[in-house]
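Student: Data: final-v2.cif, mmCIF, C-alpha atoms.
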```
data_run
loop_
_atom_site.label_atom_id
_atom_site.label_comp_id
_atom_site.auth_asym_id
_atom_site.auth_seq_id
_atom_site.Cartn_x
_atom_site.Cartn_y
_atom_site.Cartn_z
CA MET K 154 106.17 91.28 139.04
CA LEU K 155 104.05 90.10 141.96
CA PRO K 156 101.22 89.69 142.56
CA LEU K 157 100.30 88.08 139.25
CA THR K 158 96.88 88.64 137.78
CA GLU K 159 94.75 85.51 137.62
CA ALA K 160 95.17 85.35 133.82
CA PHE K 161 98.97 85.67 134.05
CA TYR K 162 99.07 83.08 136.84
CA TYR K 163 97.10 80.47 134.91
CA ILE K 164 98.99 81.07 131.66
CA LEU K 165 102.32 80.57 133.45
CA ILE K 166 101.03 77.53 135.36
CA VAL K 167 99.86 75.92 132.11
CA LEU K 168 103.19 76.63 130.41
CA TYR K 169 105.15 75.47 133.49
CA THR K 170 104.22 71.89 132.58
CA GLU K 171 104.76 72.05 128.82
CA PRO K 172 104.78 74.46 125.88
CA SER K 173 101.39 75.17 124.34
CA HIS K 174 99.53 77.25 121.77
CA GLY K 175 96.94 79.87 122.64
CA TYR K 176 93.88 77.66 122.30
CA GLY K 177 95.55 74.96 124.41
CA ILE K 178 96.30 77.54 127.11
CA MET K 179 92.65 78.62 127.15
CA GLN K 180 91.45 75.00 127.42
CA GLU K 181 93.93 74.05 130.17
CA THR K 182 93.15 77.18 132.17
CA GLU K 183 89.46 76.32 132.16
CA LYS K 184 90.25 72.71 133.08
CA LYS K 185 92.70 73.56 135.89
CA SER K 186 90.26 76.07 137.40
CA GLY K 187 87.33 73.67 137.29
CA GLY K 188 85.63 75.91 134.73
CA ARG K 189 85.77 78.98 136.96
CA VAL K 190 88.34 80.86 134.85
CA LYS K 191 87.75 81.31 131.14
CA ILE K 192 90.30 83.46 129.33
CA GLY K 193 88.94 84.99 126.15
CA ALA K 194 91.07 85.31 123.03
CA GLY K 195 91.53 89.07 123.39
CA THR K 196 92.62 88.80 127.02
CA LEU K 197 94.85 85.82 126.24
CA TYR K 198 96.80 87.43 123.42
CA THR K 199 97.19 90.71 125.29
CA ALA K 200 98.51 88.74 128.29
CA LEU K 201 100.83 86.63 126.10
CA ASN K 202 102.32 89.79 124.56
CA THR K 203 102.85 91.28 128.02
CA LEU K 204 104.48 88.06 129.32
CA LEU K 205 106.69 87.93 126.21
CA GLY K 206 107.73 91.55 126.81
CA LYS K 207 108.60 90.81 130.44
CA GLY K 208 110.66 87.77 129.44
CA LEU K 209 108.48 85.34 131.38
CA ILE K 210 107.58 83.33 128.28
CA ASP K 211 109.10 82.92 124.85
CA HIS K 212 108.09 81.59 121.46
CA TYR K 213 108.54 77.84 121.06
CA PRO K 214 109.18 76.01 117.78
CA VAL K 215 106.02 74.57 116.26
CA PRO K 216 106.30 70.76 115.98
CA GLU K 217 106.42 69.27 112.48
CA GLY K 218 103.04 68.25 111.17
CA THR K 219 101.36 71.09 113.06
CA ASP K 220 99.81 74.13 111.40
CA GLN K 221 102.80 76.49 111.11
CA ARG K 222 100.52 79.51 111.61
CA ARG K 223 99.81 78.33 115.15
CA LYS K 224 102.18 80.05 117.57
CA MET K 225 103.56 78.04 120.46
CA TYR K 226 104.76 79.45 123.78
CA ALA K 227 107.04 78.15 126.55
CA ILE K 228 107.86 79.47 130.00
CA THR K 229 111.36 80.85 130.55
CA GLU K 230 113.57 80.21 133.58
CA ASN K 231 112.68 83.70 134.80
CA GLY K 232 109.01 82.83 134.35
CA LYS K 233 109.46 79.68 136.44
CA GLN K 234 111.06 81.71 139.23
CA VAL K 235 108.15 84.16 139.18
CA VAL K 236 105.59 81.31 139.37
CA GLU K 237 107.45 79.73 142.28
CA ALA K 238 107.58 83.07 144.11
CA GLU K 239 103.86 83.63 143.49
CA VAL K 240 102.97 80.16 144.80
CA THR K 241 105.02 80.87 147.94
CA ARG K 242 103.25 84.23 148.35
CA LEU K 243 99.82 82.61 147.93
CA GLU K 244 100.68 79.85 150.41
CA GLU K 245 101.63 82.49 152.98
CA LEU K 246 98.33 84.33 152.43
CA LEU K 247 96.41 81.10 152.83
CA GLN K 248 98.29 80.14 156.00
CA VAL K 249 97.68 83.52 157.62
CA GLY K 250 94.01 83.40 156.64
CA ARG K 251 93.55 79.91 158.05
CA GLN K 252 95.24 80.92 161.31
CA ALA K 253 92.91 83.90 161.64
CA LEU K 254 89.82 81.74 161.01
CA THR K 255 91.00 79.16 163.54
CA GLN K 256 91.54 81.86 166.19
CA MET K 257 88.05 83.26 165.56
CA LYS K 258 86.43 79.84 165.95
CA GLY K 259 88.46 78.85 169.02
#
```
Re-express the file's structure as structure tokens.

Tutor:
Amino acid sequence: MLPLTEAFYYILIVLYTEPSHGYGIMQETEKKSGGRVKIGAGTLYTALNTLLGKGLIDHYPVPEGTDQRRKMYAITENGKQVVEAEVTRLEELLQVGRQALTQMKG
């Protein structure tokens, strides 16, 4: 499953905190990335279907009073494990990169 694409990573990170609908995922991704990452609708729904197929996310019941046509998604326990493993992998990459830069400067 690793490495995750940037779109998969942000979708899972957004859902790690709380369930959301597609538009909410797009908004939170843009917010969390400081506007750097913008996931279009086509990319988003293709990614959601892939993540559903891999069992990393699942459908979530739509709250009462919300448009019932709006689909909600939640991360699964397996999805949480994948996010945690990816964060660990990225931390290792960052640590090795910083060590290399420090050695080059010193």

Student: Run the PyMOL selection byres ((chain K and resi 181) around 12) against the file shown and list the residues it catches, as a ChimeraX atom specification.

Tutor: /K:160,163-180,182-192

Student: Neighbours of range 238-249 of chain K within 12 Å (all atoms listed in the file; same-chain residues fewer than 5 positions away dropped), as a JSON list (two decimals) with C-alpha atoms, keeping the file's coordinate frame?

Tutor:
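Done, and the output landed in around_37.json:
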```
[["chain", "number", "residue", "atom", "x", "y", "z"],
["K", 154, "MET", "CA", 106.17, 91.28, 139.04],
["K", 155, "LEU", "CA", 104.05, 90.10, 141.96],
["K", 156, "PRO", "CA", 101.22, 89.69, 142.56],
["K", 157, "LEU", "CA", 100.30, 88.08, 139.25],
["K", 158, "THR", "CA", 96.88, 88.64, 137.78],
["K", 159, "GLU", "CA", 94.75, 85.51, 137.62],
["K", 161, "PHE", "CA", 98.97, 85.67, 134.05],
["K", 162, "TYR", "CA", 99.07, 83.08, 136.84],
["K", 163, "TYR", "CA", 97.10, 80.47, 134.91],
["K", 165, "LEU", "CA", 102.32, 80.57, 133.45],
["K", 166, "ILE", "CA", 101.03, 77.53, 135.36],
["K", 231, "ASN", "CA", 112.68, 83.70, 134.80],
["K", 232, "GLY", "CA", 109.01, 82.83, 134.35],
["K", 233, "LYS", "CA", 109.46, 79.68, 136.44],
["K", 254, "LEU", "CA", 89.82, 81.74, 161.01],
["K", 255, "THR", "CA", 91.00, 79.16, 163.54],
["K", 256, "GLN", "CA", 91.54, 81.86, 166.19]]
```

Student: If you count only C-alpha atoms, which residues fall within 8 Å of Tyr213 in chain K, apart from same-chain ones fewer than 5 positions away, as an mmCIF file with C-alpha atoms, in the frame of the given file?

Tutor:
```cif
data_model
loop_
_atom_site.group_PDB
_atom_site.id
_atom_site.type_symbol
_atom_site.label_atom_id
_atom_site.label_comp_id
_atom_site.auth_asym_id
_atom_site.auth_seq_id
_atom_site.Cartn_x
_atom_site.Cartn_y
_atom_site.Cartn_z
ATOM 1 C CA PRO K 172 104.780 74.460 125.880
ATOM 2 C CA LYS K 224 102.180 80.050 117.570
ATOM 3 C CA MET K 225 103.560 78.040 120.460
ATOM 4 C CA TYR K 226 104.760 79.450 123.780
ATOM 5 C CA ALA K 227 107.040 78.150 126.550
#
```

Student: Let me know the residues the PyMOL selection byres ((chain K and resi 210) around 8) catches in the file above, as a tab-separated table (two decimals) with C-alpha atoms, in the frame of the given file.

Tutor:
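The result, written out as expr26.tsv:
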```tsv
chain	number	residue	atom	x	y	z
K	165	LEU	CA	102.32	80.57	133.45
K	201	LEU	CA	100.83	86.63	126.10
K	204	LEU	CA	104.48	88.06	129.32
K	205	LEU	CA	106.69	87.93	126.21
K	207	LYS	CA	108.60	90.81	130.44
K	208	GLY	CA	110.66	87.77	129.44
K	209	LEU	CA	108.48	85.34	131.38
K	211	ASP	CA	109.10	82.92	124.85
K	212	HIS	CA	108.09	81.59	121.46
K	226	TYR	CA	104.76	79.45	123.78
K	227	ALA	CA	107.04	78.15	126.55
K	228	ILE	CA	107.86	79.47	130.00
K	229	THR	CA	111.36	80.85	130.55
K	232	GLY	CA	109.01	82.83	134.35
```

Student: Would you work out the distance separating CA of Glu217 in chain K from CA of Thr196 in chain K, expressed in Å to one decimal?

Tutor: 28.0 Å

Student: When you draw a straight line from CA of Val235 in chain K to CA of Tyr198 in chain K, how long is it in Å?

Tutor: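 CA of Val235 in chain K sits 19.7 Å away from CA of Tyr198 in chain K.
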
Student: To one decimal place in Å, what is the distance between CA of Thr203 in chain K and CA of Val236 in chain K?

Tutor: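 Atom-to-atom, CA of Thr203 in chain K to CA of Val236 in chain K, that is 15.4 Å.
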
Student: What are the centre and edge lengths in Å, to one decimal, of the axis-aligned box around all listed atoms of range 169-176 of chain K with 8 Å added on each side, as JSON?

Tutor:
```
{"center_x": 99.5, "center_y": 75.9, "center_z": 127.6, "size_x": 27.3, "size_y": 24.0, "size_z": 27.7}
```
